[in-house]
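Pasted below: structure_35.cif, mmCIF, C-alpha atoms.
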```cif
data_entry
#
loop_
_atom_site.label_atom_id
_atom_site.label_comp_id
_atom_site.auth_asym_id
_atom_site.auth_seq_id
_atom_site.Cartn_x
_atom_site.Cartn_y
_atom_site.Cartn_z
CA MET A 1 4.96 16.01 6.13
CA GLU A 2 8.66 15.22 5.89
CA GLU A 3 8.75 14.02 9.49
CA VAL A 4 6.15 11.33 8.69
CA LEU A 5 8.40 9.87 5.99
CA ARG A 6 11.44 10.16 8.24
CA ASP A 7 9.61 8.36 11.06
CA GLN A 8 8.71 5.57 8.62
CA ILE A 9 12.33 5.15 7.54
CA GLU A 10 13.71 5.41 11.07
CA LYS A 11 11.56 2.55 12.29
CA ILE A 12 14.14 0.48 10.41
CA VAL A 13 17.29 2.59 9.96
CA LYS A 14 18.51 5.74 11.68
CA LEU A 15 19.53 8.60 9.39
CA THR A 16 21.51 11.74 10.06
CA ASP A 17 19.89 15.00 9.00
CA ASP A 18 22.11 15.09 5.91
CA GLU A 19 21.26 11.49 5.02
CA PHE A 20 17.55 12.16 5.38
CA SER A 21 17.79 15.34 3.26
CA PHE A 22 19.59 13.32 0.59
CA ALA A 23 16.96 10.55 0.73
CA LEU A 24 14.11 13.06 0.67
CA SER A 25 15.53 14.66 -2.48
CA HIS A 26 14.68 11.41 -4.32
CA PHE A 27 10.99 11.60 -3.37
CA THR A 28 8.17 13.83 -4.65
CA PHE A 29 5.16 14.95 -2.60
CA LYS A 30 1.66 14.87 -4.11
CA THR A 31 -1.93 15.43 -3.00
CA LEU A 32 -4.90 13.64 -4.51
CA LYS A 33 -8.66 13.95 -4.13
CA LYS A 34 -11.12 11.26 -3.12
CA HIS A 35 -11.95 9.01 -6.13
CA GLN A 36 -8.84 10.17 -8.01
CA TYR A 37 -6.78 7.41 -9.59
CA LEU A 38 -3.15 7.13 -8.63
CA VAL A 39 -2.52 4.25 -11.05
CA GLN A 40 -4.70 2.97 -13.89
CA SER A 41 -4.49 -0.41 -15.56
CA GLY A 42 -2.80 -0.24 -18.94
CA GLU A 43 -0.83 2.89 -18.07
CA PRO A 44 2.77 3.13 -16.85
CA ALA A 45 3.18 2.83 -13.07
CA PRO A 46 6.72 4.10 -12.47
CA ASN A 47 6.34 5.02 -8.79
CA ASP A 48 6.09 3.45 -5.35
CA HIS A 49 3.88 5.48 -3.01
CA PHE A 50 4.12 6.14 0.72
CA VAL A 51 0.84 7.28 2.27
CA VAL A 52 1.19 10.30 4.54
CA LYS A 53 -2.55 10.85 4.90
CA GLY A 54 -5.57 9.17 3.38
CA LEU A 55 -6.77 5.77 2.28
CA LEU A 56 -6.33 3.97 -1.04
CA LYS A 57 -7.23 0.63 -2.56
CA SER A 58 -5.51 -1.36 -5.28
CA PHE A 59 -7.69 -3.62 -7.34
CA TYR A 60 -7.82 -5.78 -10.44
CA ILE A 61 -10.76 -6.08 -12.82
CA ASP A 62 -10.96 -9.52 -14.43
CA GLU A 63 -12.21 -10.36 -17.94
CA GLN A 64 -15.75 -10.80 -16.63
CA GLY A 65 -15.68 -7.31 -15.14
CA LYS A 66 -15.46 -8.49 -11.53
CA THR A 67 -13.39 -6.32 -9.20
CA HIS A 68 -10.84 -8.00 -6.93
CA ILE A 69 -9.35 -5.84 -4.17
CA MET A 70 -5.69 -6.59 -3.69
CA GLN A 71 -4.72 -4.15 -0.97
CA PHE A 72 -5.75 -1.18 1.10
CA ALA A 73 -3.18 1.42 2.12
CA MET A 74 -3.62 3.98 4.86
CA GLU A 75 -1.23 6.27 6.69
CA ASP A 76 2.29 4.88 7.06
CA TRP A 77 1.76 2.20 4.37
CA TRP A 78 3.21 1.79 0.88
CA ILE A 79 1.27 0.99 -2.29
CA SER A 80 2.09 0.40 -5.95
CA ASP A 81 1.65 -2.08 -8.76
CA PRO A 82 4.84 -4.04 -8.00
CA GLN A 83 4.96 -5.86 -11.33
CA ALA A 84 4.69 -2.62 -13.32
CA TYR A 85 7.00 -0.72 -10.96
CA PHE A 86 9.90 -3.16 -10.88
CA ASN A 87 9.60 -4.39 -14.48
CA LYS A 88 8.88 -0.91 -15.92
CA THR A 89 5.78 -2.23 -17.67
CA LYS A 90 2.18 -1.09 -17.85
CA ALA A 91 0.01 -1.51 -14.76
CA ILE A 92 -2.33 -4.44 -14.36
CA LEU A 93 -3.77 -2.96 -11.16
CA ASN A 94 -5.73 0.20 -10.49
CA ILE A 95 -5.10 2.32 -7.40
CA ASP A 96 -7.91 4.63 -6.34
CA CYS A 97 -8.12 7.15 -3.49
CA LEU A 98 -10.92 6.34 -1.05
CA GLU A 99 -10.24 9.59 0.83
CA ASP A 100 -8.38 12.80 0.09
CA THR A 101 -4.78 11.63 0.13
CA GLN A 102 -1.24 12.92 0.56
CA ILE A 103 1.68 10.79 -0.58
CA TYR A 104 5.40 10.77 -1.16
CA TYR A 105 6.43 8.79 -4.20
CA ILE A 106 9.71 7.54 -5.59
CA SER A 107 10.44 6.32 -9.11
CA ILE A 108 12.26 3.04 -9.62
CA ASP A 109 15.20 4.98 -11.13
CA ASN A 110 15.43 7.29 -8.11
CA ARG A 111 15.09 4.34 -5.76
CA GLU A 112 17.96 2.54 -7.47
CA LYS A 113 20.13 5.68 -7.36
CA LEU A 114 19.29 6.28 -3.70
CA CYS A 115 20.03 2.68 -2.73
CA ALA A 116 23.32 2.70 -4.65
CA GLU A 117 24.46 5.85 -2.84
CA LEU A 118 23.02 5.26 0.63
CA GLN A 119 23.26 1.66 1.81
CA LYS A 120 20.94 2.35 4.75
CA MET A 121 18.11 3.01 2.29
CA GLU A 122 18.83 -0.20 0.41
CA TYR A 123 18.45 -2.04 3.72
CA PHE A 124 15.24 -0.08 4.47
CA PHE A 125 13.62 -1.03 1.16
CA MET A 126 14.73 -4.65 1.53
CA LYS A 127 13.09 -4.85 4.98
CA LYS A 128 9.88 -3.20 3.66
CA ALA A 129 9.76 -5.64 0.73
CA THR A 130 10.22 -8.59 3.07
CA SER A 131 7.37 -7.37 5.28
CA GLY A 132 5.19 -6.99 2.20
CA TYR A 133 5.95 -10.52 0.99
CA ILE A 134 5.08 -11.91 4.42
CA ALA A 135 1.78 -10.01 4.49
CA LEU A 136 0.95 -11.21 0.98
CA GLN A 137 1.69 -14.82 1.94
CA ARG A 138 -0.51 -14.49 5.03
CA ARG A 139 -3.34 -13.07 2.88
CA ILE A 140 -3.09 -15.80 0.23
CA LEU A 141 -3.03 -18.56 2.83
CA SER A 142 -6.00 -16.96 4.58
CA LEU A 143 -8.00 -16.88 1.34
CA MET A 144 -7.08 -20.50 0.59
CA SER A 145 -7.61 -22.08 3.98
CA GLN A 146 -9.79 -20.00 6.29
CA LYS A 147 -13.54 -19.73 6.52
CA ALA A 148 -15.15 -16.34 5.95
CA GLU A 149 -15.60 -15.74 9.68
CA GLU A 150 -11.92 -16.46 10.33
CA ARG A 151 -10.82 -14.10 7.53
CA PHE A 152 -13.03 -11.36 8.91
CA SER A 153 -11.77 -11.90 12.46
CA GLN A 154 -8.17 -11.72 11.22
CA PHE A 155 -8.96 -8.53 9.27
CA VAL A 156 -10.46 -6.89 12.38
CA THR A 157 -7.47 -7.95 14.48
CA LEU A 158 -4.86 -6.77 11.99
CA TYR A 159 -6.59 -3.59 10.79
CA PRO A 160 -9.07 -2.39 13.43
CA THR A 161 -9.11 1.22 12.21
CA LEU A 162 -10.03 0.19 8.67
CA LEU A 163 -13.32 -1.22 9.90
CA GLN A 164 -14.59 2.32 10.53
CA ARG A 165 -13.06 3.85 7.41
CA LEU A 166 -14.19 1.38 4.75
CA PRO A 167 -17.64 0.57 3.40
CA LYS A 168 -18.69 -2.98 4.19
CA ALA A 169 -18.90 -3.80 0.47
CA LEU A 170 -15.18 -3.09 0.06
CA ILE A 171 -14.27 -5.15 3.12
CA ALA A 172 -16.37 -8.03 1.79
CA SER A 173 -14.67 -7.81 -1.60
CA TYR A 174 -11.23 -7.79 0.02
CA LEU A 175 -12.15 -10.87 2.09
CA GLY A 176 -13.62 -12.69 -0.92
CA ILE A 177 -17.10 -12.92 0.54
CA SER A 178 -20.49 -11.42 -0.26
CA ARG A 179 -21.76 -8.25 1.40
CA GLU A 180 -24.64 -10.30 2.79
CA THR A 181 -22.28 -12.81 4.42
CA LEU A 182 -20.31 -9.97 6.00
CA SER A 183 -23.45 -8.30 7.35
CA ARG A 184 -24.32 -11.50 9.26
CA MET A 185 -20.98 -11.52 11.08
CA PRO A 186 -20.72 -10.07 14.58
CA ILE A 187 -18.46 -7.05 14.87
CA SER A 188 -16.70 -7.16 18.20
#
```

Structure re-expressed in structure tokens:
Amino acid sequence: MEEVLRDQIEKIVKLTDDEFSFALSHFTFKTLKKHQYLVQSGEPAPNDHFVVKGLLKSFYIDEQGKTHIMQFAMEDWWISDPQAYFNKTKAILNIDCLEDTQIYYISIDNREKLCAELQKMEYFFMKKATSGYIALQRRILSLMSQKAEERFSQFVTLYPTLLQRLPKALIASYLGISRETLSRMPIS
């Protein structure tokens, strides 16, 4: 499992064995079962999670009880409630395991300590955050300006493996369209 985390980090920064051991000491490994919550709205969300194996979704439930899917996270992806994590407040999102899942997680305090002591990790987290902001911007612009077919096509292009791993109802929710609209779209 450790090598998966190391590979993730070394896509951005190279670490010596000692540096990786030091970085790893700031993370905790955890396994979760399908349908188990990793984060629940209204509870503290002190950790950022790296997915070693499995599939998760983060979602928000509005005042009318409608579920809005914010993100999916599969192997080699990160997931958290950023507002709760960075501000040390209670979660507004829920994060649920869609499959049995294995993760490494790091608390905000451990992340700050690690970044203060190992500049390479500060650079790593900065690059990951930048990538996340870019993906979020792309998603928001897609929801604001693209037709349903275009959003679906973009989803298939960006995340082809998720098409087989997710129920169509979840994909439709993520894309902001009805299940019926999605079922009428050709899957290439």

Got a sec to resolve the PyMOL selection byres ((chain A and resi 72) around 10) on this structure and send the residues as number ranges by chain?
A: 55-59, 69-71, 73-74, 77-79, 95-98, 162, 166, 170-171, 174

For the residues in the current selection, export C-alpha atoms as a PDB file, in the frame of the given file.
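So the final result, stored in result-v2.pdb, reads:
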```pdb
ATOM      1  CA  LEU A  55      -6.770   5.770   2.280  1.00  0.00           C
ATOM      2  CA  LEU A  56      -6.330   3.970  -1.040  1.00  0.00           C
ATOM      3  CA  LYS A  57      -7.230   0.630  -2.560  1.00  0.00           C
ATOM      4  CA  SER A  58      -5.510  -1.360  -5.280  1.00  0.00           C
ATOM      5  CA  PHE A  59      -7.690  -3.620  -7.340  1.00  0.00           C
ATOM      6  CA  ILE A  69      -9.350  -5.840  -4.170  1.00  0.00           C
ATOM      7  CA  MET A  70      -5.690  -6.590  -3.690  1.00  0.00           C
ATOM      8  CA  GLN A  71      -4.720  -4.150  -0.970  1.00  0.00           C
ATOM      9  CA  ALA A  73      -3.180   1.420   2.120  1.00  0.00           C
ATOM     10  CA  MET A  74      -3.620   3.980   4.860  1.00  0.00           C
ATOM     11  CA  TRP A  77       1.760   2.200   4.370  1.00  0.00           C
ATOM     12  CA  TRP A  78       3.210   1.790   0.880  1.00  0.00           C
ATOM     13  CA  ILE A  79       1.270   0.990  -2.290  1.00  0.00           C
ATOM     14  CA  ILE A  95      -5.100   2.320  -7.400  1.00  0.00           C
ATOM     15  CA  ASP A  96      -7.910   4.630  -6.340  1.00  0.00           C
ATOM     16  CA  CYS A  97      -8.120   7.150  -3.490  1.00  0.00           C
ATOM     17  CA  LEU A  98     -10.920   6.340  -1.050  1.00  0.00           C
ATOM     18  CA  LEU A 162     -10.030   0.190   8.670  1.00  0.00           C
ATOM     19  CA  LEU A 166     -14.190   1.380   4.750  1.00  0.00           C
ATOM     20  CA  LEU A 170     -15.180  -3.090   0.060  1.00  0.00           C
ATOM     21  CA  ILE A 171     -14.270  -5.150   3.120  1.00  0.00           C
ATOM     22  CA  TYR A 174     -11.230  -7.790   0.020  1.00  0.00           C
TER      23      TYR A 174
END
```

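Pairwise distance (CA of Ile108 in chain A, CA of Phe29 in chain A) equals 15.5 Å.
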
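For the choices A:Arg138, A:Lys14, A:Lys88, A:His68, the atom-to-atom distance to Phe124 in chain A is smallest for A:Lys14 when using all atoms listed in the file.
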
Identify all residues satisfying the PyMOL selection byres ((chain A and resi 181) around 12) in the given file; provide them as a PDB file with C-alpha atoms, in the coordinates of the input.
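The result, stored in selection_5.pdb:
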```
ATOM      1  CA  LYS A 147     -13.540 -19.730   6.520  1.00  0.00           C
ATOM      2  CA  ALA A 148     -15.150 -16.340   5.950  1.00  0.00           C
ATOM      3  CA  GLU A 149     -15.600 -15.740   9.680  1.00  0.00           C
ATOM      4  CA  ARG A 151     -10.820 -14.100   7.530  1.00  0.00           C
ATOM      5  CA  PHE A 152     -13.030 -11.360   8.910  1.00  0.00           C
ATOM      6  CA  LYS A 168     -18.690  -2.980   4.190  1.00  0.00           C
ATOM      7  CA  ALA A 169     -18.900  -3.800   0.470  1.00  0.00           C
ATOM      8  CA  ILE A 171     -14.270  -5.150   3.120  1.00  0.00           C
ATOM      9  CA  ALA A 172     -16.370  -8.030   1.790  1.00  0.00           C
ATOM     10  CA  SER A 173     -14.670  -7.810  -1.600  1.00  0.00           C
ATOM     11  CA  LEU A 175     -12.150 -10.870   2.090  1.00  0.00           C
ATOM     12  CA  GLY A 176     -13.620 -12.690  -0.920  1.00  0.00           C
ATOM     13  CA  ILE A 177     -17.100 -12.920   0.540  1.00  0.00           C
ATOM     14  CA  SER A 178     -20.490 -11.420  -0.260  1.00  0.00           C
ATOM     15  CA  ARG A 179     -21.760  -8.250   1.400  1.00  0.00           C
ATOM     16  CA  GLU A 180     -24.640 -10.300   2.790  1.00  0.00           C
ATOM     17  CA  LEU A 182     -20.310  -9.970   6.000  1.00  0.00           C
ATOM     18  CA  SER A 183     -23.450  -8.300   7.350  1.00  0.00           C
ATOM     19  CA  ARG A 184     -24.320 -11.500   9.260  1.00  0.00           C
ATOM     20  CA  MET A 185     -20.980 -11.520  11.080  1.00  0.00           C
ATOM     21  CA  PRO A 186     -20.720 -10.070  14.580  1.00  0.00           C
TER      22      PRO A 186
END
```

Set the distance at 10 Å and use only C-alpha atoms: which residues neighbour Ile9 in chain A once local chain neighbours fewer than 4 positions away are removed? I'd like the list as a PyMOL selection string.
chain A and resi 3-5+13-15+20+23+120-121+124-125+128

Resolved residues for the PyMOL selection byres ((chain A and resi 46) around 10) as number ranges by chain:
A: 39, 43-45, 47-49, 80-82, 84-91, 105-109

Computed interatomic separation between CA of Lys127 in chain A and CA of Gln8 in chain A (Å):
11.9 Å

Grab the CA of Val51 in chain A to CA of Leu136 in chain A distance for me, in Å with one decimal place.
18.5 Å

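Using all atoms listed in the file, the shortest contact distance between Thr101 in chain A and any of A:Asp76, A:Asp18, A:Asp62, A:Glu2 is found at A:Asp76.
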
Looking at only C-alpha atoms, which of A:Gln36, A:Tyr104, A:Val52, A:Leu118 is the one that sits closest to Thr16 in chain A?
A:Leu118

Can you report as AutoDock Vina command-line options the centre and edge lengths in Å, to one decimal, of an axis-aligned box around the listed atoms of range 76-95 of chain A padded with 3 Å on each side?
```
--center_x 2.1 --center_y -0.5 --center_z -5.4 --size_x 21.6 --size_y 16.7 --size_z 30.9
```

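Using all atoms listed in the file, the nearest neighbour of Lys113 in chain A within the list A:Met1, A:Phe22, A:Ile12, A:Leu143 is A:Phe22.
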
Missing atoms in range 41-62 of chain A should be modelled up to N, CA and C atoms and reported as a JSON list (two decimals), keeping the file's coordinate frame.
```
[["chain", "number", "residue", "atom", "x", "y", "z"],
["A", 41, "SER", "N", -4.87, 0.75, -14.77],
["A", 41, "SER", "CA", -4.49, -0.41, -15.56],
["A", 41, "SER", "C", -4.23, 0.00, -17.00],
["A", 42, "GLY", "N", -3.15, -0.54, -17.55],
["A", 42, "GLY", "CA", -2.80, -0.24, -18.94],
["A", 42, "GLY", "C", -1.90, 0.96, -19.11],
["A", 43, "GLU", "N", -1.69, 1.72, -18.04],
["A", 43, "GLU", "CA", -0.83, 2.89, -18.07],
["A", 43, "GLU", "C", 0.48, 2.57, -17.35],
["A", 44, "PRO", "N", 1.53, 3.33, -17.61],
["A", 44, "PRO", "CA", 2.77, 3.13, -16.85],
["A", 44, "PRO", "C", 2.53, 3.37, -15.36],
["A", 45, "ALA", "N", 3.28, 2.67, -14.53],
["A", 45, "ALA", "CA", 3.18, 2.83, -13.07],
["A", 45, "ALA", "C", 4.60, 2.91, -12.51],
["A", 46, "PRO", "N", 5.28, 4.03, -12.78],
["A", 46, "PRO", "CA", 6.72, 4.10, -12.47],
["A", 46, "PRO", "C", 7.06, 4.43, -11.03],
["A", 47, "ASN", "N", 6.06, 4.55, -10.14],
["A", 47, "ASN", "CA", 6.34, 5.02, -8.79],
["A", 47, "ASN", "C", 5.82, 4.08, -7.71],
["A", 48, "ASP", "N", 6.53, 4.10, -6.57],
["A", 48, "ASP", "CA", 6.09, 3.45, -5.35],
["A", 48, "ASP", "C", 5.64, 4.58, -4.44],
["A", 49, "HIS", "N", 4.53, 4.39, -3.73],
["A", 49, "HIS", "CA", 3.88, 5.48, -3.01],
["A", 49, "HIS", "C", 3.81, 5.21, -1.52],
["A", 50, "PHE", "N", 4.23, 6.19, -0.73],
["A", 50, "PHE", "CA", 4.12, 6.14, 0.72],
["A", 50, "PHE", "C", 2.99, 7.06, 1.14],
["A", 51, "VAL", "N", 2.03, 6.52, 1.89],
["A", 51, "VAL", "CA", 0.84, 7.28, 2.27],
["A", 51, "VAL", "C", 1.12, 8.09, 3.54],
["A", 52, "VAL", "N", 1.05, 9.40, 3.40],
["A", 52, "VAL", "CA", 1.19, 10.30, 4.54],
["A", 52, "VAL", "C", -0.16, 10.47, 5.21],
["A", 53, "LYS", "N", -1.19, 10.66, 4.39],
["A", 53, "LYS", "CA", -2.55, 10.85, 4.90],
["A", 53, "LYS", "C", -3.52, 10.34, 3.85],
["A", 54, "GLY", "N", -4.56, 9.65, 4.31],
["A", 54, "GLY", "CA", -5.57, 9.17, 3.38],
["A", 54, "GLY", "C", -5.69, 7.67, 3.36],
["A", 55, "LEU", "N", -6.47, 7.19, 2.41],
["A", 55, "LEU", "CA", -6.77, 5.77, 2.28],
["A", 55, "LEU", "C", -6.94, 5.45, 0.80],
["A", 56, "LEU", "N", -6.27, 4.39, 0.36],
["A", 56, "LEU", "CA", -6.33, 3.97, -1.04],
["A", 56, "LEU", "C", -6.64, 2.49, -1.13],
["A", 57, "LYS", "N", -7.06, 2.06, -2.31],
["A", 57, "LYS", "CA", -7.23, 0.63, -2.56],
["A", 57, "LYS", "C", -6.60, 0.31, -3.90],
["A", 58, "SER", "N", -5.97, -0.86, -3.99],
["A", 58, "SER", "CA", -5.51, -1.36, -5.28],
["A", 58, "SER", "C", -6.43, -2.52, -5.64],
["A", 59, "PHE", "N", -6.75, -2.59, -6.92],
["A", 59, "PHE", "CA", -7.69, -3.62, -7.34],
["A", 59, "PHE", "C", -7.44, -4.01, -8.79],
["A", 60, "TYR", "N", -7.94, -5.19, -9.11],
["A", 60, "TYR", "CA", -7.82, -5.78, -10.44],
["A", 60, "TYR", "C", -9.22, -6.05, -10.94],
["A", 61, "ILE", "N", -9.46, -5.77, -12.21],
["A", 61, "ILE", "CA", -10.76, -6.08, -12.82],
["A", 61, "ILE", "C", -10.52, -7.22, -13.82],
["A", 62, "ASP", "N", -11.18, -8.36, -13.57],
["A", 62, "ASP", "CA", -10.96, -9.52, -14.43],
["A", 62, "ASP", "C", -11.74, -9.39, -15.75]]
```
